[in-house]
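**Student:** Here you go, data.pdb (PDB, C-alpha atoms and all ligand atoms):
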MODEL        1
ATOM      1  CA  MET F  21      20.668 130.974 -83.100
ATOM      2  CA  GLN F  22      17.044 131.820 -83.663
ATOM      3  CA  THR F  23      13.658 130.451 -82.672
ATOM      4  CA  LYS F  24      10.723 131.002 -84.997
ATOM      5  CA  LEU F  25       7.411 131.845 -83.339
ATOM      6  CA  GLU F  26       4.160 132.523 -85.170
ATOM      7  CA  GLY F  27       0.943 134.183 -84.131
ATOM      8  CA  ARG F  28      -2.255 134.571 -86.140
ATOM      9  CA  LEU F  29      -0.634 137.096 -88.501
ATOM     10  CA  LYS F  30       2.874 137.853 -87.218
ATOM     11  CA  THR F  31       6.090 135.876 -87.171
ATOM     12  CA  HIS F  32       8.673 136.710 -84.531
ATOM     13  CA  PHE F  33      12.220 135.407 -84.214
ATOM     14  CA  VAL F  34      13.808 135.098 -80.780
ATOM     15  CA  ASN F  35      17.405 135.700 -81.810
ATOM     16  CA  THR F  36      20.584 135.375 -79.746
ATOM     17  CA  GLU F  37      22.235 138.049 -81.908
ATOM     18  CA  GLY F  38      19.297 140.381 -82.432
ATOM     19  CA  PRO F  39      17.295 142.752 -80.238
ATOM     20  CA  GLY F  40      15.652 141.314 -77.128
ATOM     21  CA  THR F  41      12.205 139.713 -77.259
ATOM     22  CA  ILE F  42       9.565 141.245 -74.984
ATOM     23  CA  ILE F  43       7.160 138.593 -73.682
ATOM     24  CA  ALA F  44       4.353 140.520 -71.980
ATOM     25  CA  GLU F  45       3.637 139.144 -68.503
ATOM     26  CA  LYS F  46       0.448 140.931 -67.408
ATOM     27  CA  LEU F  47      -1.987 138.276 -68.547
ATOM     28  CA  ASN F  48      -1.269 136.441 -65.283
ATOM     29  CA  PRO F  49      -3.633 136.552 -62.300
ATOM     30  CA  THR F  50      -0.837 136.229 -59.699
ATOM     31  CA  GLY F  51      -1.167 139.296 -57.467
ATOM     32  CA  ASN F  52      -3.751 140.808 -59.853
ATOM     33  CA  LYS F  53      -7.196 140.818 -58.248
ATOM     34  CA  ALA F  54      -9.021 142.486 -61.170
ATOM     35  CA  LEU F  55      -7.768 139.882 -63.652
ATOM     36  CA  SER F  56      -8.531 136.996 -61.261
ATOM     37  CA  VAL F  57     -12.124 138.210 -60.999
ATOM     38  CA  ALA F  58     -12.365 138.704 -64.776
ATOM     39  CA  LEU F  59     -11.097 135.163 -65.419
ATOM     40  CA  GLN F  60     -13.497 133.686 -62.856
ATOM     41  CA  ASN F  61     -16.469 135.578 -64.299
ATOM     42  CA  GLY F  62     -15.613 134.854 -67.922
ATOM     43  CA  ASP F  63     -15.186 138.622 -68.586
ATOM     44  CA  HIS F  64     -13.771 138.221 -72.082
ATOM     45  CA  ASP F  65     -13.744 141.953 -72.857
ATOM     46  CA  PHE F  66     -11.377 142.633 -69.946
ATOM     47  CA  VAL F  67      -8.983 139.862 -71.004
ATOM     48  CA  ARG F  68      -9.109 140.858 -74.686
ATOM     49  CA  GLN F  69      -8.369 144.500 -73.873
ATOM     50  CA  LEU F  70      -5.411 143.600 -71.639
ATOM     51  CA  ALA F  71      -3.977 141.495 -74.489
ATOM     52  CA  ILE F  72      -4.433 144.274 -77.071
ATOM     53  CA  ASP F  73      -3.013 146.958 -74.756
ATOM     54  CA  GLN F  74       0.137 144.944 -74.085
ATOM     55  CA  VAL F  75       0.823 144.553 -77.808
ATOM     56  CA  LYS F  76       0.274 148.290 -78.312
ATOM     57  CA  ALA F  77       2.779 148.917 -75.509
ATOM     58  CA  GLY F  78       5.504 147.032 -77.400
ATOM     59  CA  ALA F  79       5.102 143.311 -76.656
ATOM     60  CA  ASP F  80       6.555 140.917 -79.244
ATOM     61  CA  VAL F  81       4.901 137.856 -77.681
ATOM     62  CA  LEU F  82       2.052 137.489 -75.143
ATOM     63  CA  ASP F  83       2.329 135.228 -72.107
ATOM     64  CA  VAL F  84      -1.007 133.583 -71.248
ATOM     65  CA  ASN F  85      -1.308 132.329 -67.663
ATOM     66  CA  VAL F  86      -4.689 131.625 -66.027
ATOM     67  CA  GLY F  87      -3.473 130.114 -62.740
ATOM     68  CA  VAL F  88      -6.206 131.261 -60.354
ATOM     69  CA  PRO F  89      -6.317 128.911 -57.330
ATOM     70  CA  GLY F  90      -9.351 126.606 -57.443
ATOM     71  CA  ILE F  91     -10.150 127.261 -61.089
ATOM     72  CA  ASP F  92     -10.531 124.548 -63.796
ATOM     73  CA  GLU F  93      -7.312 125.407 -65.594
ATOM     74  CA  VAL F  94      -7.764 122.746 -68.285
ATOM     75  CA  SER F  95     -10.899 124.313 -69.753
ATOM     76  CA  LEU F  96     -10.007 127.934 -68.913
ATOM     77  CA  LEU F  97      -6.525 127.961 -70.481
ATOM     78  CA  LYS F  98      -7.980 126.517 -73.675
ATOM     79  CA  SER F  99     -10.699 129.164 -73.962
ATOM     80  CA  ILE F 100      -8.404 132.087 -73.046
ATOM     81  CA  VAL F 101      -5.711 130.925 -75.496
ATOM     82  CA  GLN F 102      -8.362 130.838 -78.217
ATOM     83  CA  LEU F 103      -9.731 134.257 -77.229
ATOM     84  CA  VAL F 104      -6.308 135.941 -77.071
ATOM     85  CA  GLY F 105      -5.077 134.202 -80.225
ATOM     86  CA  GLU F 106      -7.989 135.743 -82.126
ATOM     87  CA  ALA F 107      -7.595 139.178 -80.475
ATOM     88  CA  VAL F 108      -3.933 139.813 -81.340
ATOM     89  CA  GLU F 109      -1.582 139.113 -84.234
ATOM     90  CA  VAL F 110       1.552 138.207 -82.251
ATOM     91  CA  PRO F 111       2.630 134.730 -81.073
ATOM     92  CA  LEU F 112       1.507 133.368 -77.699
ATOM     93  CA  CYS F 113       3.566 131.952 -74.836
ATOM     94  CA  ILE F 114       1.366 129.381 -73.080
ATOM     95  CA  ASP F 115       2.291 129.500 -69.408
ATOM     96  CA  SER F 116       1.204 126.604 -67.215
ATOM     97  CA  PRO F 117       2.825 123.941 -65.042
ATOM     98  CA  ASN F 118      -0.261 121.772 -65.708
ATOM     99  CA  PHE F 119       0.368 119.250 -68.478
ATOM    100  CA  GLU F 120      -3.325 118.576 -69.125
ATOM    101  CA  ALA F 121      -3.983 122.307 -69.471
ATOM    102  CA  LEU F 122      -1.138 122.662 -72.005
ATOM    103  CA  GLU F 123      -2.362 119.635 -73.930
ATOM    104  CA  ALA F 124      -5.922 120.990 -74.117
ATOM    105  CA  ALA F 125      -4.863 124.548 -75.040
ATOM    106  CA  LEU F 126      -2.235 123.890 -77.718
ATOM    107  CA  PRO F 127      -4.672 122.932 -80.523
ATOM    108  CA  PHE F 128      -6.358 126.328 -80.032
ATOM    109  CA  ALA F 129      -3.202 128.456 -80.305
ATOM    110  CA  PRO F 130      -2.622 130.048 -83.703
ATOM    111  CA  GLY F 131       0.619 129.491 -85.626
ATOM    112  CA  ARG F 132       3.670 128.348 -83.700
ATOM    113  CA  PRO F 133       3.416 129.184 -79.992
ATOM    114  CA  LEU F 134       6.022 128.953 -77.232
ATOM    115  CA  VAL F 135       5.245 126.415 -74.497
ATOM    116  CA  ASN F 136       6.106 127.750 -71.022
ATOM    117  CA  SER F 137       7.434 125.385 -69.787
ATOM    118  CA  VAL F 138       9.246 122.081 -69.438
ATOM    119  CA  ASN F 139      11.714 121.488 -66.610
ATOM    120  CA  ALA F 140      14.411 118.910 -65.877
ATOM    121  CA  GLU F 141      12.160 116.621 -63.823
ATOM    122  CA  GLU F 142      11.605 113.254 -65.532
ATOM    123  CA  ALA F 143       7.823 113.591 -65.321
ATOM    124  CA  SER F 144       7.950 116.963 -67.083
ATOM    125  CA  LEU F 145      10.462 115.952 -69.786
ATOM    126  CA  GLU F 146       8.550 112.774 -70.656
ATOM    127  CA  ARG F 147       5.167 114.484 -70.952
ATOM    128  CA  VAL F 148       5.826 118.010 -72.235
ATOM    129  CA  LEU F 149       8.493 117.280 -74.879
ATOM    130  CA  PRO F 150       6.311 114.835 -76.888
ATOM    131  CA  LEU F 151       3.579 117.478 -76.854
ATOM    132  CA  VAL F 152       5.998 120.110 -78.179
ATOM    133  CA  LYS F 153       7.107 117.709 -80.911
ATOM    134  CA  GLU F 154       3.542 116.793 -81.834
ATOM    135  CA  HIS F 155       2.536 120.441 -82.253
ATOM    136  CA  GLY F 156       5.830 121.473 -83.862
ATOM    137  CA  CYS F 157       6.255 124.416 -81.501
ATOM    138  CA  ALA F 158       9.036 125.789 -79.293
ATOM    139  CA  VAL F 159       9.518 125.478 -75.530
ATOM    140  CA  ILE F 160      11.061 127.231 -72.534
ATOM    141  CA  GLY F 161      13.179 124.883 -70.400
ATOM    142  CA  LEU F 162      13.447 125.803 -66.721
ATOM    143  CA  THR F 163      16.616 124.725 -64.909
ATOM    144  CA  ILE F 164      14.687 123.176 -62.056
ATOM    145  CA  ASP F 165      14.426 119.535 -60.990
ATOM    146  CA  GLU F 166      12.932 117.326 -58.271
ATOM    147  CA  LYS F 167      14.914 119.317 -55.676
ATOM    148  CA  GLY F 168      13.607 122.722 -56.822
ATOM    149  CA  ILE F 169      15.588 125.705 -58.138
ATOM    150  CA  PRO F 170      19.301 124.976 -57.666
ATOM    151  CA  LYS F 171      21.152 127.670 -55.723
ATOM    152  CA  ASP F 172      24.432 126.999 -57.516
ATOM    153  CA  VAL F 173      25.416 127.806 -61.073
ATOM    154  CA  GLU F 174      26.919 124.404 -61.968
ATOM    155  CA  THR F 175      23.665 122.552 -61.346
ATOM    156  CA  ARG F 176      21.731 125.006 -63.509
ATOM    157  CA  LEU F 177      24.249 124.460 -66.319
ATOM    158  CA  ARG F 178      23.900 120.693 -65.945
ATOM    159  CA  LEU F 179      20.084 120.850 -65.966
ATOM    160  CA  ALA F 180      20.120 123.058 -69.077
ATOM    161  CA  GLY F 181      22.267 120.379 -70.760
ATOM    162  CA  LYS F 182      19.892 117.641 -69.643
ATOM    163  CA  ILE F 183      16.842 119.443 -71.104
ATOM    164  CA  LEU F 184      18.615 120.157 -74.419
ATOM    165  CA  GLU F 185      19.884 116.599 -74.729
ATOM    166  CA  ARG F 186      16.445 115.151 -74.030
ATOM    167  CA  ALA F 187      14.800 117.535 -76.505
ATOM    168  CA  VAL F 188      17.145 116.378 -79.261
ATOM    169  CA  ARG F 189      16.233 112.773 -78.441
ATOM    170  CA  PHE F 190      12.591 113.726 -79.048
ATOM    171  CA  ASP F 191      13.725 115.230 -82.369
ATOM    172  CA  ILE F 192      13.266 118.837 -81.157
ATOM    173  CA  PRO F 193      16.243 120.934 -82.329
ATOM    174  CA  ALA F 194      18.191 123.038 -79.799
ATOM    175  CA  GLU F 195      17.017 126.207 -81.559
ATOM    176  CA  ASP F 196      13.468 125.437 -80.437
ATOM    177  CA  VAL F 197      14.473 125.260 -76.771
ATOM    178  CA  ILE F 198      14.921 128.515 -74.856
ATOM    179  CA  ILE F 199      16.598 128.015 -71.488
ATOM    180  CA  ASP F 200      15.382 129.918 -68.402
ATOM    181  CA  PRO F 201      17.918 129.825 -65.538
ATOM    182  CA  LEU F 202      15.430 131.495 -63.118
ATOM    183  CA  VAL F 203      16.172 134.143 -60.548
ATOM    184  CA  LEU F 204      15.311 134.123 -56.844
ATOM    185  CA  ALA F 205      14.670 137.145 -54.639
ATOM    186  CA  VAL F 206      17.763 139.132 -53.613
ATOM    187  CA  SER F 207      15.959 140.000 -50.363
ATOM    188  CA  THR F 208      16.433 136.411 -49.145
ATOM    189  CA  ASP F 209      19.764 135.641 -50.864
ATOM    190  CA  HIS F 210      21.914 138.674 -51.680
ATOM    191  CA  GLU F 211      23.879 136.642 -54.259
ATOM    192  CA  ALA F 212      20.768 135.348 -56.076
ATOM    193  CA  ALA F 213      20.948 137.810 -58.984
ATOM    194  CA  ALA F 214      24.729 137.490 -59.366
ATOM    195  CA  LYS F 215      24.392 133.698 -59.586
ATOM    196  CA  THR F 216      21.702 133.940 -62.251
ATOM    197  CA  LEU F 217      23.855 136.355 -64.285
ATOM    198  CA  GLU F 218      26.712 133.846 -64.096
ATOM    199  CA  ALA F 219      24.358 131.007 -65.108
ATOM    200  CA  ILE F 220      23.231 133.048 -68.142
ATOM    201  CA  ARG F 221      26.845 133.568 -69.247
ATOM    202  CA  LEU F 222      27.783 129.903 -68.805
ATOM    203  CA  ILE F 223      24.684 128.475 -70.525
ATOM    204  CA  ARG F 224      25.078 130.833 -73.482
ATOM    205  CA  ALA F 225      28.798 130.016 -73.812
ATOM    206  CA  GLU F 226      28.285 126.252 -73.517
ATOM    207  CA  PHE F 227      25.139 125.722 -75.636
ATOM    208  CA  GLY F 228      24.666 128.931 -77.670
ATOM    209  CA  VAL F 229      20.893 128.882 -77.089
ATOM    210  CA  SER F 230      18.484 131.717 -76.384
ATOM    211  CA  ILE F 231      18.025 132.590 -72.711
ATOM    212  CA  ASN F 232      14.682 133.602 -71.216
ATOM    213  CA  LEU F 233      14.223 135.339 -67.882
ATOM    214  CA  GLY F 234      11.307 136.623 -65.843
ATOM    215  CA  ALA F 235      12.997 139.492 -64.069
ATOM    216  CA  SER F 236      10.254 140.351 -61.547
ATOM    217  CA  ASN F 237      11.133 137.663 -58.962
ATOM    218  CA  VAL F 238      14.402 139.394 -58.190
ATOM    219  CA  SER F 239      12.748 142.327 -56.394
ATOM    220  CA  PHE F 240      10.259 140.434 -54.250
ATOM    221  CA  GLY F 241      10.002 141.829 -50.708
ATOM    222  CA  LEU F 242      11.891 145.073 -51.405
ATOM    223  CA  PRO F 243      10.781 148.691 -51.957
ATOM    224  CA  ASP F 244      10.810 150.282 -55.413
ATOM    225  CA  ARG F 245      10.651 146.973 -57.250
ATOM    226  CA  HIS F 246      10.614 148.803 -60.565
ATOM    227  CA  THR F 247      14.158 150.132 -60.116
ATOM    228  CA  LEU F 248      15.482 146.674 -59.211
ATOM    229  CA  ASN F 249      13.624 144.975 -62.091
ATOM    230  CA  GLN F 250      14.798 147.558 -64.609
ATOM    231  CA  THR F 251      18.427 147.384 -63.496
ATOM    232  CA  PHE F 252      18.430 143.598 -63.397
ATOM    233  CA  LEU F 253      16.892 143.419 -66.869
ATOM    234  CA  ALA F 254      19.783 145.449 -68.328
ATOM    235  CA  LEU F 255      22.394 143.355 -66.499
ATOM    236  CA  ALA F 256      20.716 140.111 -67.618
ATOM    237  CA  MET F 257      20.680 141.261 -71.239
ATOM    238  CA  ALA F 258      24.331 142.264 -71.029
ATOM    239  CA  ALA F 259      25.077 138.775 -69.685
ATOM    240  CA  GLY F 260      23.263 137.163 -72.646
ATOM    241  CA  ALA F 261      19.543 136.947 -71.860
ATOM    242  CA  ASN F 262      17.640 137.773 -75.070
ATOM    243  CA  CYS F 263      14.036 136.881 -74.178
ATOM    244  CA  LEU F 264      12.429 138.709 -71.264
ATOM    245  CA  ILE F 265       9.087 138.030 -69.594
ATOM    246  CA  THR F 266       8.260 141.480 -68.330
ATOM    247  CA  ASP F 267       5.739 144.310 -67.918
ATOM    248  CA  PRO F 268       5.570 145.988 -71.357
ATOM    249  CA  PHE F 269       3.843 149.098 -69.957
ATOM    250  CA  LYS F 270       6.765 149.826 -67.631
ATOM    251  CA  LEU F 271       9.818 148.249 -69.230
ATOM    252  CA  SER F 272       9.602 148.314 -73.043
ATOM    253  CA  LEU F 273      11.599 151.538 -73.432
ATOM    254  CA  SER F 274      14.231 150.386 -70.959
ATOM    255  CA  LEU F 275      14.590 147.126 -72.866
ATOM    256  CA  ARG F 276      14.976 148.955 -76.180
ATOM    257  CA  ALA F 277      17.507 151.285 -74.528
ATOM    258  CA  THR F 278      19.501 148.213 -73.476
ATOM    259  CA  ASP F 279      19.366 146.822 -77.037
ATOM    260  CA  LEU F 280      20.727 150.132 -78.314
ATOM    261  CA  LEU F 281      23.512 150.266 -75.735
ATOM    262  CA  LEU F 282      24.480 146.673 -76.597
ATOM    263  CA  GLY F 283      24.866 147.622 -80.283
ATOM    264  CA  ARG F 284      21.695 145.858 -81.438
ATOM    265  CA  ASP F 285      19.680 148.791 -82.761
ATOM    266  CA  ALA F 286      21.068 150.400 -85.929
ATOM    267  CA  PHE F 287      20.359 154.149 -86.175
ATOM    268  CA  SER F 288      18.594 153.934 -82.763
ATOM    269  CA  ALA F 289      15.525 153.097 -84.841
ATOM    270  CA  ARG F 290      13.736 150.787 -82.426
ATOM    271  CA  TYR F 291      14.551 152.935 -79.383
ATOM    272  CA  ILE F 292      13.169 156.033 -81.114
ATOM    273  CA  ALA F 293      10.085 154.154 -82.374
ATOM    274  CA  GLN F 294       9.315 152.994 -78.832
ATOM    275  CA  PHE F 295       9.846 156.527 -77.470
ATOM    276  CA  ARG F 296       7.433 157.946 -80.065
ATOM    277  CA  LEU F 297       4.887 155.257 -79.264
ATOM    278  CA  GLU F 298       4.960 156.304 -75.600
ATOM    279  CA  ASN F 299       5.122 160.058 -76.310
ATOM    280  CA  PRO F 300       2.731 160.724 -79.211
TER
HETATM  281  N1  LIG N   1       9.999 132.239 -66.097
HETATM  282  C1  LIG N   1       9.086 131.716 -66.951
HETATM  283  N2  LIG N   1       7.775 131.971 -66.846
HETATM  284  C2  LIG N   1       7.303 132.740 -65.827
HETATM  285  C3  LIG N   1       8.203 133.296 -64.894
HETATM  286  C4  LIG N   1       9.586 133.030 -65.051
HETATM  287  N3  LIG N   1       5.975 132.983 -65.717
HETATM  288  C5  LIG N   1       5.430 133.642 -64.543
HETATM  289  C6  LIG N   1       6.405 134.679 -64.001
HETATM  290  N4  LIG N   1       7.734 134.110 -63.892
HETATM  291  C7  LIG N   1       6.431 135.880 -64.903
HETATM  292  N5  LIG N   1       5.178 136.598 -64.867
HETATM  293  C8  LIG N   1       4.851 137.508 -63.849
HETATM  294  C9  LIG N   1       3.597 138.078 -63.834
HETATM  295  C10 LIG N   1       3.273 139.022 -62.875
HETATM  296  C11 LIG N   1       4.202 139.400 -61.933
HETATM  297  C12 LIG N   1       5.442 138.828 -61.955
HETATM  298  C13 LIG N   1       5.776 137.891 -62.907
HETATM  299  C14 LIG N   1       3.930 140.419 -60.889
HETATM  300  N6  LIG N   1       2.694 140.727 -60.546
HETATM  301  C15 LIG N   1       2.459 141.776 -59.558
HETATM  302  C16 LIG N   1       2.728 141.277 -58.157
HETATM  303  O1  LIG N   1       2.747 140.067 -57.921
HETATM  304  O2  LIG N   1       2.935 142.112 -57.269
HETATM  305  C17 LIG N   1       1.068 142.290 -59.617
HETATM  306  C18 LIG N   1       0.733 142.756 -60.981
HETATM  307  C19 LIG N   1      -0.348 143.744 -61.046
HETATM  308  O3  LIG N   1      -0.651 144.430 -60.052
HETATM  309  O4  LIG N   1      -0.894 143.869 -62.139
HETATM  310  O5  LIG N   1       4.850 140.972 -60.315
HETATM  311  O6  LIG N   1      10.442 133.485 -64.271
HETATM  312  N7  LIG N   1       9.549 130.956 -67.960
ENDMDL
END
Please lay out the structure from this file as structure tokens.
Ligand code: THG

**Tutor:**
Amino acid sequence: MQTKLEGRLKTHFVNTEGPGTIIAEKLNPTGNKALSVALQNGDHDFVRQLAIDQVKAGADVLDVNVGVPGIDEVSLLKSIVQLVGEAVEVPLCIDSPNFEALEAALPFAPGRPLVNSVNAEEASLERVLPLVKEHGCAVIGLTIDEKGIPKDVETRLRLAGKILERAVRFDIPAEDVIIDPLVLAVSTDHEAAAKTLEAIRLIRAEFGVSINLGASNVSFGLPDRHTLNQTFLALAMAAGANCLITDPFKLSLSLRATDLLLGRDAFSARYIAQFRLENP
């Protein structure tokens, strides 16, 4: 199954059978003081450069998140989506839990962006899905509901089914919905990663859809987060995750290595191209 995304000049397919999609995560002010300040001060050069650098580092798609506490997200997301959409060629992933911010930003995104995200709460399904239909784009569905992120695998499978079923009712095909089963920190629940890996396998087997994951949560509160993130990324891809929100500066080569080891990189071409990019 594949999901077509379009940027200003590039089309990208998120493909369950193909190499993994790298969604670059660094355009997100969470834990990033310099970017928070740049967003607050309207420092467009800083934001533009971060977008361009992430694409150069190997990103297929750029996540755009402007969630600085206290900021007017509705007007800021719109202007940053426009800025980034003009600065790069690749598709955008518009990352906000704020419906009004998504609604205001979508008309300014080039091509066919990915909306990040809808979840299984009624309020989210009923507001975000019509917006996705109206703009003819694709969406990430988080397996989360009124009670938060389910600890167990069965509930995540059920919520994935609920999101897919509701999308089809809004005339959005399953191929335009990418399910994200979410991962919690292993420092607070030592089975958190194992449960997410199982959820990935079950959701892929049951619905055949693309699976997105932001791997960084897994390592929260532990030393050497990079090693945990990198290892989890490979395990998640082996389990069936094919769309990864991650740091392209640190993890692009590792992701291409995983593609190669999973038999998704003929002649090692993409792995070697990424190596050359990083070692000119
Ligand atoms: N699923 C979906 N969307 C998501 C997530 C997900 N969007 C947000 C998040 N999770 C993915 N993005 C990030 C961005 C940054 C970090 C983690 C996840 C991060 N930042 C560093 C920190 O907090 O320590 C600081 C970065 C820096 O210093 O530059 O780790 O799961 N659908």

**Student:** Give me the residues near range 198-202 of chain F as number ranges by chain, where near means some atom within 10 Å (using only C-alpha atoms) and where sequence neighbours in that chain fewer than 3 positions away do not count.

**Tutor:** F: 22-23, 34, 134-139, 158-164, 169-170, 173, 176-177, 179-181, 183-184, 194-195, 212-213, 215-220, 223-224, 227, 229-235, 237-238, 261-264

**Student:** Looking at all atoms listed in the file, which of F:Ser56, F:Ser236, F:Thr31, F:Gln102 is the one that sits closest to ligand LIG 1 (chain N)?

**Tutor:**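 Smallest distance to ligand LIG 1 (chain N) is found for F:Ser236.
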
**Student:** Let me know the residues the PyMOL selection byres (((chain F and resi 27) around 7) and not hetatm) catches in the file above, as a list of chain:residue names.

**Tutor:** F:Leu25, F:Glu26, F:Arg28, F:Leu29, F:Lys30, F:Thr31, F:Glu109, F:Val110, F:Pro111, F:Leu112, F:Pro130, F:Gly131, F:Arg132, F:Pro133

**Student:** One number please: CA of Gln60 in chain F to CA of His155 in chain F, in Å, one decimal.

**Tutor:**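 According to the coordinates, CA of Gln60 in chain F and CA of His155 in chain F are separated by 28.4 Å.
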
**Student:** Report, in Å with one decimal, the straight-line distance from CA of Glu93 in chain F to CA of Cys113 in chain F.

**Tutor:**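 Taking CA of Glu93 in chain F as the start and CA of Cys113 in chain F as the end point, the length is 15.7 Å.
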